[in-house]
Amino acid sequence: MPIKLVTAVADLRAESARLLASKGGASQGLVPTMGALHAGHAALARTAVEQNDVVVASIFVNPLQFGDATDLDRYPRTLEADVALLEEQGVDLVFAPSVDEVYPGGQPLVRVTSGMLGEKWEGASRPGHFDGALTVVAKLLHYGIPGAGLPASEMNQGGLPAYRAYFGQKDAQQLALVRRMVADLNFPVDIVAVPTVRAVDGLALSSRNRFLDEDEREAALVLSRALRLLEERAKSREPLDLESAQALVESQPLVALDYFDVVDPDTLDPLAENCRETPFGGEALAIIAAKVGPVRLIDNMPLRS
Ligand code: PAF
């Protein structure tokens, strides 16, 4: 069936309910995006298609999560190519609302607060970013509840459909926050993390990579190299020696390091004891952020011994 594009919440609900009923479906997946899609988003969509009977992807550039109006204006809008990519992965329905559709009363008065988890790392350099992101994710998760567009008489026949939403491991802090929001506020959805997709040379795919020139792109490779170094040390249960990995990043003149640390994957609190002399054991997450030329990049690597 060809992919369908809707822009109104009511149409999203009606159309996804119709699809679910026509496929006799027992599960629905939601892939929230801001568009400018690349192979990383394709992996999210593909995973959702493999695991669900009906898949909805949203494309919405959320003004609430941009601190700077210039960044919001500069964010690439590539709707036609995005819809084609989603169709190739087998997505059923694209929801691409206007700002007025999502925020009909203007900026919302009541928002989701990301709390202490949202203030560190990325939150420290982008104040308000995660409150804005969580607020729109909460709305999108509600719009996408399967069966919400069905008449009451047709609801709940054969039990509630399973509901899953897909987020990239690349945005590790956003993922941790979405998991906490869903757990803390009892949203009826399972959050599925999809591993980061990398270019063959190791650079994590990001819609920001398009702003790197050739030298900056080459310099940016030091981020994934440093993460791989820690990954290898963790696998072989060596001390991580974070300092030497940091020095590697700092030796690259085009890269200005913001943070590089080893943290608990859920709380994102630093695990200092794992970084120096002690052999690495257990699970952790290495996180890094740096400005490469004018472009701020983030990356991370799950560590397992
Ligand atoms: O990761 C993104 O693309 C955005 O932050 C999201 C989750 C779609 C919310 O706007």
# chains A, B, ... in the order shown; residues from 1 in each chain; ligands from 1

call {"tool": "residues_near_ligand", "arguments": {"ligand": "ligand 1", "cutoff": "6 Å", "atoms": "only C-alpha atoms and all ligand atoms", "output": "PyMOL selection string"}}
result
chain A and resi 32-34+62+133+136-137

call {"tool": "closest_atom_pairs", "arguments": {"of": "segment 73-130 of chain A", "to": "segment 271-294 of chain A", "cutoff": "12 Å", "atoms": "only C-alpha atoms", "output": "tab-separated table"}}
result
residue	atom	partner	partner_atom	distance
A:Lys120	CA	A:Ile287	CA	11.9
A:Trp121	CA	A:Ala289	CA	8.4
A:Glu122	CA	A:Ala289	CA	8.0
A:Gly123	CA	A:Ala289	CA	11.7
A:Ala124	CA	A:Ala289	CA	11.6
A:Ser125	CA	A:Ala289	CA	10.3

call {"tool": "atom_distance", "arguments": {"atom1": "atom CA of Pro253 of chain A", "atom2": "atom CA of Val200 of chain A"}}
result
23.1 Å

call {"tool": "select_by_dssp", "arguments": {"residues": "segment 180-276 of chain A", "states": "alpha helix (DSSP H)", "output": "number ranges by chain"}}
result
A: 180-184, 214-235, 242-250

call {"tool": "residues_around", "arguments": {"residues": "Ser206 of chain A", "least_positions_apart": "3", "cutoff": "10 Å", "atoms": "only C-alpha atoms", "output": "list in words"}}
result
Ala36, Leu37, His38, Ala39, Gly40, His41, Lys170, Asp171, Thr196, Val197, Arg198, Leu203, Asn209, Arg210, Leu297, Ile298 and Asp299 of chain A

call {"tool": "closest_residue", "arguments": {"among": "A:Ala14, A:Val56, A:Leu117, A:Ala199", "to": "Tyr166 of chain A", "atoms": "only C-alpha atoms"}}
result
A:Val56

call {"tool": "residues_around", "arguments": {"residues": "Arg126 of chain A", "least_positions_apart": "2", "cutoff": "12 Å", "atoms": "only C-alpha atoms", "output": "number ranges by chain"}}
result
A: 64-68, 71, 118-124, 128-133, 296

call {"tool": "residues_around", "arguments": {"residues": "Val91 of chain A", "least_positions_apart": "6", "cutoff": "7 Å", "atoms": "only C-alpha atoms", "output": "PyMOL selection string"}}
result
chain A and resi 3+45+49+55-56

call {"tool": "closest_residue", "arguments": {"among": "A:Thr113, A:Thr70, A:Ser16, A:Thr7", "to": "Gly147 of chain A", "atoms": "only C-alpha atoms"}}
result
A:Ser16

call {"tool": "atom_distance", "arguments": {"atom1": "atom CA of Leu160 of chain A", "atom2": "atom CA of Ala43 of chain A"}}
result
26.4 Å

call {"tool": "select_by_dssp", "arguments": {"residues": "segment 190-235 of chain A", "states": "strand (DSSP E or B)", "output": "PyMOL selection string"}}
result
chain A and resi 190-194+198+204
